[in-house]
Structure formats: structure tokens, C-alpha cells
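Coordinates as given in model-v4.cif (mmCIF, C-alpha atoms):
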```cif
data_upload
#
loop_
_atom_site.label_atom_id
_atom_site.label_comp_id
_atom_site.auth_asym_id
_atom_site.auth_seq_id
_atom_site.Cartn_x
_atom_site.Cartn_y
_atom_site.Cartn_z
CA MET J 266 28.38 8.56 18.61
CA LYS J 267 27.59 12.04 19.89
CA ARG J 268 27.28 14.54 17.06
CA ILE J 269 28.06 18.19 17.69
CA THR J 270 25.35 19.25 15.27
CA GLU J 271 22.75 17.45 17.39
CA SER J 272 23.89 19.01 20.67
CA PRO J 273 21.33 21.11 22.56
CA SER J 274 21.17 24.77 21.59
CA ASN J 275 23.01 27.26 23.77
CA HIS J 276 19.73 29.15 24.11
CA ARG J 277 16.55 28.12 25.94
CA HIS J 278 12.88 29.04 25.72
CA LEU J 279 13.15 30.58 22.27
CA GLU J 280 9.39 30.91 22.04
CA GLN J 281 9.45 33.42 24.89
CA LYS J 282 11.95 35.78 23.28
CA SER J 283 11.16 38.98 21.39
CA THR J 284 11.90 39.34 17.68
CA ALA J 285 14.86 41.58 18.48
CA GLU J 286 16.26 39.01 20.90
CA LEU J 287 15.87 36.18 18.40
CA LEU J 288 17.56 38.07 15.59
CA THR J 289 20.40 39.24 17.82
CA LEU J 290 21.09 35.77 19.17
CA ILE J 291 21.00 34.17 15.71
CA ASN J 292 23.45 36.79 14.50
CA GLN J 293 25.74 36.15 17.45
CA GLU J 294 25.79 32.45 16.62
CA ASP J 295 26.36 33.13 12.91
CA ARG J 296 29.42 35.27 13.67
CA GLN J 297 31.19 32.15 14.93
CA VAL J 298 30.79 30.35 11.60
CA ALA J 299 33.37 32.35 9.63
CA ILE J 300 35.86 31.88 12.46
CA ALA J 301 35.31 28.11 12.40
CA VAL J 302 35.75 28.03 8.62
CA GLY J 303 38.96 30.03 8.92
CA GLU J 304 40.39 27.34 11.18
CA VAL J 305 40.07 24.67 8.46
CA ILE J 306 41.67 26.63 5.62
CA PRO J 307 44.75 24.31 5.77
CA ASP J 308 42.37 21.44 4.93
CA ILE J 309 40.74 23.33 2.07
CA ILE J 310 44.00 24.21 0.31
CA PRO J 311 44.82 20.66 -0.90
CA VAL J 312 41.22 20.20 -2.08
CA VAL J 313 41.46 23.25 -4.35
CA ASP J 314 44.84 22.18 -5.69
CA ALA J 315 43.66 18.63 -6.37
CA ILE J 316 40.58 19.88 -8.23
CA VAL J 317 42.66 22.22 -10.39
CA GLU J 318 45.00 19.35 -11.17
CA ARG J 319 42.05 17.28 -12.37
CA MET J 320 40.44 20.08 -14.36
CA GLU J 321 43.69 20.83 -16.15
CA ILE J 322 43.49 17.38 -17.72
CA GLY J 323 39.81 17.72 -18.57
CA GLY J 324 38.26 16.43 -15.34
CA ARG J 325 35.15 17.74 -13.66
CA LEU J 326 34.06 18.60 -10.12
CA PHE J 327 31.04 16.79 -8.67
CA TYR J 328 29.10 17.55 -5.49
CA ILE J 329 26.73 15.08 -3.82
CA GLY J 330 24.49 15.76 -0.85
CA ALA J 331 21.02 15.37 0.60
CA GLY J 332 18.60 18.04 1.79
CA THR J 333 20.22 21.39 2.54
CA SER J 334 23.69 20.05 1.74
CA GLY J 335 22.58 18.79 -1.66
CA ARG J 336 20.85 22.07 -2.47
CA LEU J 337 23.97 24.06 -1.55
CA GLY J 338 26.08 21.91 -3.87
CA ILE J 339 23.63 22.44 -6.72
CA LEU J 340 23.56 26.18 -6.03
CA ASP J 341 27.33 26.44 -6.19
CA ALA J 342 27.54 24.35 -9.36
CA SER J 343 24.77 26.27 -11.10
CA GLU J 344 26.45 29.62 -10.49
CA CYS J 345 29.78 28.71 -12.10
CA PRO J 346 28.71 28.92 -15.78
CA PRO J 347 27.12 32.39 -15.61
CA THR J 348 29.82 33.81 -13.34
CA TYR J 349 32.88 32.38 -15.08
CA GLY J 350 31.61 31.46 -18.55
CA VAL J 351 32.54 27.80 -18.13
CA PRO J 352 30.64 24.86 -19.67
CA ASP J 353 27.70 23.50 -17.69
CA ASP J 354 29.51 20.22 -17.08
CA TRP J 355 32.61 21.62 -15.38
CA VAL J 356 30.90 21.59 -11.99
CA ILE J 357 27.94 19.27 -11.38
CA GLY J 358 25.75 19.13 -8.28
CA LEU J 359 23.65 16.07 -7.44
CA ILE J 360 21.04 15.72 -4.70
CA ALA J 361 19.48 12.61 -3.15
CA GLY J 362 16.03 12.23 -4.70
CA GLY J 363 16.92 14.00 -7.93
CA ASP J 364 15.91 17.44 -9.13
CA GLN J 365 12.47 17.22 -7.50
CA ALA J 366 14.25 17.21 -4.12
CA ILE J 367 15.61 20.71 -4.76
CA ARG J 368 12.23 22.18 -3.80
CA LYS J 369 10.58 19.41 -1.80
CA ALA J 370 11.97 16.68 0.43
CA VAL J 371 11.85 13.21 -1.10
CA GLU J 372 11.07 10.59 1.53
CA SER J 373 13.93 8.19 2.36
CA ALA J 374 15.99 9.32 -0.66
CA GLU J 375 19.07 9.96 1.46
CA ASP J 376 18.95 6.43 2.89
CA ASP J 377 19.56 4.68 -0.46
CA ILE J 378 23.15 3.44 -0.34
CA HIS J 379 23.32 2.66 -4.08
CA GLN J 380 21.71 5.71 -5.66
CA ALA J 381 24.61 8.18 -5.48
CA TRP J 382 26.88 5.99 -7.57
CA LYS J 383 24.07 5.42 -10.06
CA ASP J 384 23.57 9.18 -10.29
CA LEU J 385 27.29 9.72 -10.82
CA GLN J 386 27.53 6.97 -13.44
CA ALA J 387 24.86 8.76 -15.46
CA TYR J 388 27.56 11.42 -16.02
CA ASP J 389 30.26 8.82 -16.78
CA ILE J 390 32.32 9.86 -13.77
CA ASN J 391 35.91 8.67 -14.10
CA THR J 392 39.37 8.94 -12.56
CA ASP J 393 39.95 12.36 -14.15
CA ASP J 394 37.13 13.77 -12.02
CA PHE J 395 36.90 14.88 -8.39
CA LEU J 396 34.00 14.27 -5.98
CA ILE J 397 33.02 16.24 -2.87
CA GLY J 398 30.44 14.79 -0.49
CA ILE J 399 28.58 17.31 1.66
CA ALA J 400 26.85 16.19 4.87
CA ALA J 401 26.61 18.10 8.12
CA SER J 402 25.98 14.90 10.07
CA GLY J 403 28.70 12.98 8.24
CA THR J 404 26.49 9.89 8.28
CA THR J 405 24.08 10.39 5.35
CA PRO J 406 24.04 7.00 3.53
CA TYR J 407 23.60 8.54 0.05
CA VAL J 408 26.74 10.60 0.53
CA VAL J 409 28.86 8.15 2.53
CA HIS J 410 28.34 5.28 0.09
CA GLY J 411 28.67 7.59 -2.91
CA LEU J 412 32.16 8.50 -1.72
CA LYS J 413 32.94 4.88 -0.90
CA ASP J 414 31.97 3.71 -4.39
CA ALA J 415 33.89 6.58 -5.96
CA GLN J 416 37.05 5.67 -4.07
CA LYS J 417 36.68 2.02 -5.09
CA ASN J 418 36.62 3.19 -8.69
CA GLY J 419 39.72 5.39 -8.38
CA VAL J 420 38.00 8.78 -8.10
CA LYS J 421 39.60 11.27 -5.72
CA THR J 422 37.23 12.42 -2.97
CA ALA J 423 36.75 15.09 -0.33
CA CYS J 424 34.02 15.82 2.19
CA ILE J 425 32.58 18.80 4.01
CA THR J 426 31.10 17.83 7.35
CA ASN J 427 30.43 19.39 10.75
CA ASN J 428 31.22 16.46 12.99
CA PRO J 429 34.55 14.73 13.76
CA GLY J 430 34.98 10.97 13.66
CA VAL J 431 32.03 10.30 11.33
CA PRO J 432 31.83 7.71 8.50
CA ILE J 433 32.08 10.23 5.66
CA ILE J 434 35.67 11.00 6.68
CA GLU J 435 36.75 7.38 6.15
CA TYR J 436 35.95 7.61 2.43
CA SER J 437 37.43 11.06 1.83
CA ASP J 438 40.97 11.56 0.59
CA PHE J 439 40.67 15.18 1.72
CA PRO J 440 38.29 15.60 4.68
CA ILE J 441 37.15 19.06 5.72
CA VAL J 442 35.65 18.99 9.22
CA VAL J 443 34.38 22.36 10.47
CA ASN J 444 33.11 22.60 14.04
CA THR J 445 30.27 25.13 14.06
CA GLY J 446 28.95 24.00 17.44
CA PRO J 447 25.29 23.49 18.42
CA GLU J 448 22.62 25.02 16.22
CA PHE J 449 20.44 27.91 17.42
CA VAL J 450 17.43 25.62 17.00
CA THR J 451 18.71 22.23 18.16
CA GLY J 452 19.64 20.04 15.19
CA SER J 453 18.62 22.57 12.52
CA THR J 454 21.74 22.17 10.38
CA ARG J 455 20.38 24.40 7.63
CA MET J 456 21.58 27.24 9.87
CA LYS J 457 25.21 27.36 11.09
CA ALA J 458 26.33 24.09 9.52
CA GLY J 459 24.69 25.02 6.23
CA THR J 460 26.25 28.48 6.33
CA SER J 461 29.69 26.96 6.83
CA GLN J 462 29.15 24.65 3.86
CA LYS J 463 28.13 27.59 1.67
CA LEU J 464 31.22 29.55 2.71
CA ILE J 465 33.53 26.63 1.98
CA LEU J 466 31.91 25.91 -1.38
CA ASN J 467 32.31 29.59 -2.28
CA MET J 468 35.99 29.37 -1.36
CA ILE J 469 36.60 26.18 -3.31
CA SER J 470 34.84 27.05 -6.56
CA THR J 471 36.04 30.66 -6.61
CA SER J 472 39.66 29.68 -5.98
CA VAL J 473 39.47 26.91 -8.58
CA MET J 474 38.06 29.25 -11.22
CA ILE J 475 40.69 31.88 -10.50
CA LYS J 476 43.48 29.30 -10.78
CA MET J 477 41.91 28.03 -14.02
CA GLY J 478 42.28 31.51 -15.49
CA ARG J 479 38.63 32.53 -15.42
CA VAL J 480 39.29 35.83 -13.58
CA LEU J 481 41.46 38.71 -14.79
CA ASP J 482 42.82 40.92 -12.00
CA ASN J 483 39.67 40.79 -9.83
CA LYS J 484 37.14 40.93 -12.66
CA MET J 485 34.62 38.41 -14.00
CA VAL J 486 35.80 38.85 -17.57
CA ASP J 487 34.19 35.62 -18.80
CA MET J 488 30.73 36.10 -17.27
CA GLN J 489 27.73 35.30 -19.44
CA LEU J 490 25.93 38.42 -20.64
CA THR J 491 22.45 37.11 -19.93
CA ASN J 492 20.69 40.27 -18.78
CA ALA J 493 20.84 44.07 -18.82
CA LYS J 494 22.58 44.25 -15.42
CA LEU J 495 25.46 42.06 -16.60
CA ILE J 496 25.79 43.95 -19.87
CA GLU J 497 26.00 47.14 -17.82
CA ARG J 498 28.65 45.61 -15.56
CA GLY J 499 30.64 44.38 -18.55
CA THR J 500 30.46 47.75 -20.24
CA LEU J 501 31.82 49.52 -17.17
CA LEU J 502 34.64 46.99 -16.84
CA ILE J 503 35.70 47.64 -20.42
CA GLN J 504 35.34 51.40 -20.03
CA ASN J 505 37.59 51.42 -16.97
CA ALA J 506 40.11 48.98 -18.41
CA LEU J 507 40.57 50.79 -21.73
CA GLY J 508 39.82 54.37 -20.71
CA ILE J 509 37.20 54.81 -23.42
CA SER J 510 33.68 56.23 -23.43
CA TYR J 511 30.70 54.28 -22.15
CA LYS J 512 29.27 54.19 -25.67
CA GLU J 513 32.47 52.79 -27.17
CA ALA J 514 32.77 50.24 -24.38
CA LYS J 515 29.25 48.94 -24.90
CA GLU J 516 29.77 48.73 -28.65
CA ARG J 517 32.92 46.66 -28.09
CA LEU J 518 31.15 44.39 -25.63
CA LEU J 519 28.27 43.69 -28.00
CA LYS J 520 30.67 43.19 -30.90
CA TYR J 521 32.96 40.69 -29.18
CA GLY J 522 30.44 39.09 -26.83
CA SER J 523 32.69 38.99 -23.78
CA VAL J 524 34.63 41.38 -21.56
CA ARG J 525 37.83 39.39 -22.01
CA LYS J 526 37.73 39.54 -25.81
CA ALA J 527 36.71 43.21 -25.82
CA ILE J 528 39.73 44.07 -23.66
CA SER J 529 42.30 41.72 -25.20
CA THR J 530 41.60 42.77 -28.80
CA SER J 531 42.10 46.48 -28.12
#
```

I'd like the structure from this file rewritten - as C-alpha cells, please.
Amino acid sequence: MKRITESPSNHRHLEQKSTAELLTLINQEDRQVAIAVGEVIPDIIPVVDAIVERMEIGGRLFYIGAGTSGRLGILDASECPPTYGVPDDWVIGLIAGGDQAIRKAVESAEDDIHQAWKDLQAYDINTDDFLIGIAASGTTPYVVHGLKDAQKNGVKTACITNNPGVPIIEYSDFPIVVNTGPEFVTGSTRMKAGTSQKLILNMISTSVMIKMGRVLDNKMVDMQLTNAKLIERGTLLIQNALGISYKEAKERLLKYGSVRKAISTS
């Protein structure tokens, strides 16, 4: 099987190029990623709708991946609670090799065909939940078999991959296959493939949270007020929404503890 992500780079003799040339060429390649993601929006729509359907009955969204793909899933999951004020267990990211693999590669972790399901079972995954497997290659055993085991147990699945006709698609109810072409450095899927995964994860989680009522107009009214910058942002949102002074807005924010409550109780 020939994988697009392993195809030779479109550029040769990178070591002979100037810094300006390298940066310009990388940027030129990166510009194609958003276009490629745009082409698979019809495949992303049913994923969002299926996740919302599950969450409305109390289900959760899980991501599994290895290496860069696993880290991107964890990143997306970890940003949902502070951004949208949702519980930590609404979106859960798991990586082959466990948390230690977030910072440092764990040898052979992605080759264990049983570990993903064990990791998911630790969270009591069930048929109310939804699982997305992320793998640029589409062949990562940890991810492929995690999806396979999930399907066998009645869990709805999707995948994000950068190669057509790969095993991960077989075990995905909703496959998302985005063709980002050869990498700038041959096979370095942390680049264009990884960027496409990040864009798609942004689209999925953001759309899900909006449809779950966690955004008002275009504002993060449920964000966690964990630092001075966010308190400042929340204060300005209230000030603009209610047409009151900055001082009054901040007092309301600190009193009610959230932008949504400060606005809705006016």
C-alpha cells in the first residue's frame, strides 16, 4: 500500500536552501492544508451531529492517537473545559503510552493492539459515547484496534486520517480522509498532516460546543475565569452586553462567577 503521507517531498536538497527559502516553501505547502480540509467538510458534518446526539443523552467524546496525533487529541480535549466551562470528562483524549508519551515518545506503545481498549475501559466507555481515532498513516495498531474493539462493543466511531484505503477507515462509522499530499520533509506528518488534524479537531469540538449551547452569540460566556486575562475579557463582554461601566461589569462578574450568569440576571 502506497501512503500519500510517505511520498517524497516536492522539494529537494533542503539543506542547501537559505532560511528565507525554507520558510517560504513551508508556508506555501501549509497554505494547501486549509483547502484540503475544506474539501472534506461534508464528511465532518455527520460527525459533529452524531457527537451532539450522544452528548445530549449524557455521552462523552473520546480521542485516541499515538505520537503527534495523540498529542493533538489531548490538546483539543484539554482546552474544552477552560474555554466552554464544561466538565473535564465531556471530552477525553488518550495517547498510546499514557501521559508520559505527551512529552516523550514511548517505545513500541503504538504497536500494542490491546492497549487502546484497556485505556478506554478505564473510563467505562459505553454506547452513549463517541470515539474518534486520529492517525495520519491510518495504520497505527493502537488506534485501528481501539476503533475495532469500540465498534464490537456498540460504540459509534470516526477517524481522521491522511491516506485513503487504510485500515482505520474499515472500523470507522464516519471516516474523515483529508489528502494533504507529501510532507515538506518526507514522512514528517507532524507538519501538514498534523496541521490538518488540528484544524479538523478545532472544527469538531467548537461546533459541538456551540450546538450544545456553550456559546452565546459569538462569545465564550461559560469560560473559566482562571486568570487576570480571562477576568478582563469577561468584564469587557459584560460591559458591552449590558452597556454599563467597566467597574460595574467587573463587580457583576466577580459576584456571579460567570459571564453568562452576569448577563442573564441583569

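Rounded to one decimal, atom CA of J:Thr445 and atom CA of J:Thr422 lie 22.4 Å from each other.
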
Within 9 Å of J:Leu464 using only C-alpha atoms, minus same-chain residues under 3 positions, as a ChimeraX atom specification | /J:298-299,302,459-461,467-469

What residues come out when you apply the PyMOL selection byres ((chain J and resi 370-376) around 12) to this file, written as a PyMOL selection string?
-> chain J and resi 329-336+359-369+377-381+400+404-411

Hey, can you check how far atom CA of J:Ile434 sits from atom CA of J:Thr270?
-> 15.8 Å

Could you please determine the separation between atom CA of J:Asp438 and atom CA of J:Trp382 in Å, to one decimal place?
->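 Distance between the two atoms: 17.2 Å.
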
Using the chain letters and numbers from the file, which residues does the PyMOL selection byres ((chain J and resi 498) around 12) grab, as an MDAnalysis selection string?
-> chainID J and resid 484:497 499:505 511 514:515 518 523:524

Residues from last step as file, C-alpha atoms, as a PDB file, in the frame of the given file:
```pdb
ATOM      1  CA  LYS J 484      37.140  40.930 -12.660  1.00  0.00           C
ATOM      2  CA  MET J 485      34.620  38.410 -14.000  1.00  0.00           C
ATOM      3  CA  VAL J 486      35.800  38.850 -17.570  1.00  0.00           C
ATOM      4  CA  ASP J 487      34.190  35.620 -18.800  1.00  0.00           C
ATOM      5  CA  MET J 488      30.730  36.100 -17.270  1.00  0.00           C
ATOM      6  CA  GLN J 489      27.730  35.300 -19.440  1.00  0.00           C
ATOM      7  CA  LEU J 490      25.930  38.420 -20.640  1.00  0.00           C
ATOM      8  CA  THR J 491      22.450  37.110 -19.930  1.00  0.00           C
ATOM      9  CA  ASN J 492      20.690  40.270 -18.780  1.00  0.00           C
ATOM     10  CA  ALA J 493      20.840  44.070 -18.820  1.00  0.00           C
ATOM     11  CA  LYS J 494      22.580  44.250 -15.420  1.00  0.00           C
ATOM     12  CA  LEU J 495      25.460  42.060 -16.600  1.00  0.00           C
ATOM     13  CA  ILE J 496      25.790  43.950 -19.870  1.00  0.00           C
ATOM     14  CA  GLU J 497      26.000  47.140 -17.820  1.00  0.00           C
ATOM     15  CA  GLY J 499      30.640  44.380 -18.550  1.00  0.00           C
ATOM     16  CA  THR J 500      30.460  47.750 -20.240  1.00  0.00           C
ATOM     17  CA  LEU J 501      31.820  49.520 -17.170  1.00  0.00           C
ATOM     18  CA  LEU J 502      34.640  46.990 -16.840  1.00  0.00           C
ATOM     19  CA  ILE J 503      35.700  47.640 -20.420  1.00  0.00           C
ATOM     20  CA  GLN J 504      35.340  51.400 -20.030  1.00  0.00           C
ATOM     21  CA  ASN J 505      37.590  51.420 -16.970  1.00  0.00           C
ATOM     22  CA  TYR J 511      30.700  54.280 -22.150  1.00  0.00           C
ATOM     23  CA  ALA J 514      32.770  50.240 -24.380  1.00  0.00           C
ATOM     24  CA  LYS J 515      29.250  48.940 -24.900  1.00  0.00           C
ATOM     25  CA  LEU J 518      31.150  44.390 -25.630  1.00  0.00           C
ATOM     26  CA  SER J 523      32.690  38.990 -23.780  1.00  0.00           C
ATOM     27  CA  VAL J 524      34.630  41.380 -21.560  1.00  0.00           C
TER      28      VAL J 524
END
```
